[in-house]
Amino acid sequence: MFKELDPILHSQLRLAIMSLLISVKEAEFTFIREKTNATAGNLSVQVQKLKDAGYIEVIKQFKDNYPQTTCKVTPVGLQAFEDYVKALQQYLKV
């Protein structure tokens, strides 16, 4: 039987954000934007959705008088990502 895919992660950009953050542990907003080729506005909306789901933590601070936003995966987000990958693997086994 197929397991339902997590609708939060089953979005191309949100999945890209999570994949990127898992590989680097944490990243600045501008780095994520460059790597995903997303617009700042779209990325901001998707980051907020991941934050609201508890999958990432967003840290806002200032560095040299400039705002800096850093994102990192939470334990809940890591588990959700692992579950998503396992569910996809089940689809591929059939």
# chains A, B, ... in the order shown; residues from 1 in each chain; ligands from 1

$ residues_around --residues "A:Ala38" --least-positions-apart "3" --cutoff "12 Å" --atoms "only C-alpha atoms" --output "PyMOL selection string"
chain A and resi 12-14+16-17+29-35+41-47

$ residues_around --residues "stretch 74-89 of chain A" --least-positions-apart "3" --cutoff "6 Å" --atoms "only C-alpha atoms" --output "list of chain:residue names"
A:Lys3, A:Tyr55, A:Ile56, A:Leu92

$ select_by_dssp --residues "stretch 2-74 of chain A" --states "strand (DSSP E or B)" --output "VMD selection string"
chain A and resid 26 to 28 56 to 63 66 to 73

$ closest_residue --among "A:Phe2, A:Ser11, A:Ser23, A:Glu28" --to "A:Lys63" --atoms "only C-alpha atoms"
A:Glu28

$ select_by_dssp --residues "chain A" --states "alpha helix (DSSP H)" --output "PyMOL selection string"
chain A and resi 12-24+29-36+40-52+75-93
